[in-house]
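Step one of this worksheet: look at the structure below.
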Amino acid sequence: MNVINFEFKKYVGSLWFWIISLWSILVMFMAMYPVLARDAALVDLVLQHYPEELLRAFGMSGGLSLATVAGFFAFVFAFVQLCLAIQSAYYGFQFLSVEERELTADFLYSKPVSRSRLLLYKYVAAMAALLITNIGLIMGTFLSIEWFRGSMVYDVGVVISLLLSVPLFQLFFFSAGFLATALSKKITSVIGPAVGLAFVLYAISALQRIVGGALLALVSPYNHFDPNYILQRGDWNMPLVTLSLVFIVAANVVAYFMFMRRDLHAAV
Amino acid sequence: MNIVRRELWAHAKLLLYWSLSMSAFVWMMFFEFAAYYKNPEMVQLIEAMPAEMLAAFGMQYANLTTVSGYLSVTVPFLNLALGIYALLLGNNIIAKEERDKTAGFLMTLPVTRPKVVSCKLIAAVISCIILLAVVVGSILVFTLPYEVESEFPRFLLLVTASTFVFKLIFLSVGMLMAAATRRYKLSGGLGVGVIFALYLASVLTGLSESLAFLKYITPFSYFAAPQLLQALGFAPVFLVVSAVIIVSSLVGTYLMYGRRDLYV
């Protein structure tokens, strides 16, 4: 329990920063909804006269209209996911590697607690931090929607379905960081790989939203948990979510065994 | 020269990972292009469109059935990734001495601090050029199966040049942040926040006329690829803005790094 407490306290400081960032994104974008929805409704009116193929040829097809609450929120949520991905990947790359980088590994791992126990405690503390972020996100989501939606209506059920996908999304990036830590000899920089991973996968998914295509969608978890898909249909894209799940399980299992037999880099 | 070589080797592995993932990205990008290239249904519809309407469409949106048009849509996303690389590299190349506790060693060598910054800058620019060459090379290779338009070579050249300037902006800003902040952890976080905010700003510019002024703030909008394809040239104002940002960040880096207390 001491380890969990100690670890969790280290997260508290940065948690505020992440939750406030998420709230700022939500509020800033949703505040623009009333104005943009009017513009978007006009654009929709014009575009509906064009055939679907033509719109596709110009990369304007598909998805929900930005004029609806759900459509606009799907647009906003892509940036929320980017922020969540950076945070989760950061925690994933950080939570084990920090001990070796800051030369506290020999202190910690010489305690009369088994390595698997320590890993479990650290894992639980990180999960708690991600869960709290999640709670903050849920609050921010509904507050910002209710605040700015005006007289527009939306389906609460599908938004909840989207929010329920967030833990898996976080776990994907966290596990990627965990796996990378376990596989590499030494993680020197945490922010670099975390941000690189989050942004490159984001760039792939953002391109996929314009040009479509199955291969791009397979690669990026942002597409596995595509807010547009979930808000439009109310359920998850099961084949792609399964792919994410398989990755999460495999990454954790491999990382666990690799970490158990790891040579720890110690001071001196 | 020793420092330049050392810095290049220190970042070689990172560069390798980025080169591999960026070429994979370009490959996937053109893999999906097959669905668009000369797609008969789409081409028929486009040809049936009145010329004025096509022009109006083309101002805002790119024609995905042509190689140049498709590339112009994908460039912003390649740039996003390359910009991140440049910013992180600029940040890391300065901050790593303190993080890895090698600053004490480096600074006892008989070289001045401006010289150290210059060597690091040269190494970083070389890395940026290599990664850019890999990306442009992959584009050339993966467009081989397709028949390109007459304006494609010039457009690709413009994209290459603009992406290079774009990377220099982020590289210099990244170096400035690392030189200006004492704590390397802070400078990394700051860099991410800045790039995230700039990216959001560039998305907002496209949403509404009233937000269009943001395009002067965010480098992501300086060399918008659809406009490059339209005009086949740069907007001078953005070249000037870019030069101002790059020069002032570099001057700031030299000044601040020269007089700062190093954490050893």
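Each chain in the structure tokens gets a letter, A, B, ..., in the order shown, and its residues are numbered from 1; ligands are numbered from 1 in order too.
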
When the cut-off is 7 Å and we count only C-alpha atoms, which residues of chain A are near chain B, given as a ChimeraX atom specification? /A:36,53-54,57-59,191-192,196,199-200,203,207,213,215-216

Could you list, as a PyMOL selection string, every residue within 7 Å of stretch 145-157 of chain A, counting only C-alpha atoms and ignoring same-chain residues fewer than 5 positions away? chain A and resi 30-31+33-34+69-70

Could you write out the selected residues, including C-alpha atoms, as a PDB file, in the first residue's frame?
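The new file again.pdb reads:
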```pdb
ATOM      1  CA  MET A  30     -17.988  23.787 -27.681  1.00  0.00           C
ATOM      2  CA  ALA A  31     -18.219  27.553 -27.151  1.00  0.00           C
ATOM      3  CA  TYR A  33     -20.602  25.426 -31.572  1.00  0.00           C
ATOM      4  CA  PRO A  34     -23.536  27.907 -31.713  1.00  0.00           C
ATOM      5  CA  VAL A  69     -24.422  18.295 -31.449  1.00  0.00           C
ATOM      6  CA  ALA A  70     -23.184  14.744 -31.990  1.00  0.00           C
TER       7      ALA A  70
END
```

Could you find all residues in stretch 58-179 of chain A that DSSP calls helix (DSSP H, G or I) from the backbone, and write them as a ChimeraX atom specification? /A:69-101,105-109,115-148,156-164,166-179

What lies within 8 Å of B:Pro219 using only C-alpha atoms, ignoring chain neighbours under 5 positions off, as a PDB file with C-alpha atoms, in the first residue's frame?
```
ATOM      1  CA  PHE B 166       8.471  24.441 -41.590  1.00  0.00           C
ATOM      2  CA  ILE B 169      10.718  26.841 -37.552  1.00  0.00           C
ATOM      3  CA  LEU B 198      -0.719  25.665 -32.771  1.00  0.00           C
ATOM      4  CA  SER B 242       8.970  32.202 -41.090  1.00  0.00           C
TER       5      SER B 242
END
```

When distances are computed from only C-alpha atoms, which of B:Ala95, B:Val4, B:Leu71, B:Ala231 shows the smallest separation from B:Leu186? B:Ala95

Near A:Leu243, counting only C-alpha atoms, which residues have an atom at most 9 Å away, once you skip same-chain residues fewer than 4 positions from it, shown as number ranges by chain? A: 218, 221, 224, 238-239, 247-248

Can you spit out the residues from that selection as a tab-separated table (two decimals), in the first residue's frame, using N, CA and C atoms?
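Once everything was written out, this is selection.tsv:
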```tsv
chain	number	residue	atom	x	y	z
A	218	LEU	N	-6.69	0.34	-39.77
A	218	LEU	CA	-6.18	-0.78	-38.97
A	218	LEU	C	-5.07	-0.32	-38.03
A	221	PRO	N	-5.18	3.48	-33.38
A	221	PRO	CA	-6.23	3.30	-32.36
A	221	PRO	C	-7.25	4.43	-32.38
A	224	HIS	N	-9.77	2.95	-34.29
A	224	HIS	CA	-10.46	1.85	-33.60
A	224	HIS	C	-11.57	2.40	-32.73
A	238	MET	N	-16.66	-3.14	-33.65
A	238	MET	CA	-16.13	-4.30	-32.93
A	238	MET	C	-14.86	-4.93	-33.52
A	239	PRO	N	-14.77	-5.15	-34.84
A	239	PRO	CA	-13.53	-5.76	-35.35
A	239	PRO	C	-12.30	-4.95	-34.97
A	247	PHE	N	-4.01	-6.24	-29.00
A	247	PHE	CA	-2.73	-5.56	-28.79
A	247	PHE	C	-2.49	-5.32	-27.31
A	248	ILE	N	-3.52	-4.82	-26.61
A	248	ILE	CA	-3.36	-4.50	-25.19
A	248	ILE	C	-2.94	-5.73	-24.40
```

Nearby residues (only C-alpha atoms) at most 12 Å from stretch 117-120 of chain A, same-chain spacing under 5 positions excluded, as a ChimeraX atom specification: /A:1-4,6-7,95-97,99,105,108-112,125-127,178,182,252,255-257,259-260

Using only C-alpha atoms, determine which residues lie at most 6 Å from stretch 221-228 of chain B, disregarding the query and same-chain residues fewer than 5 positions distant; provide the list as a PyMOL selection string. chain B and resi 72+202+215+233+238

Spatial neighbours of B:Ala123, 12 Å, only C-alpha atoms, chain gap at least 2 places, as a ChimeraX atom specification: /B:1-12,15,86,89-90,93-94,116-121,125-130,171
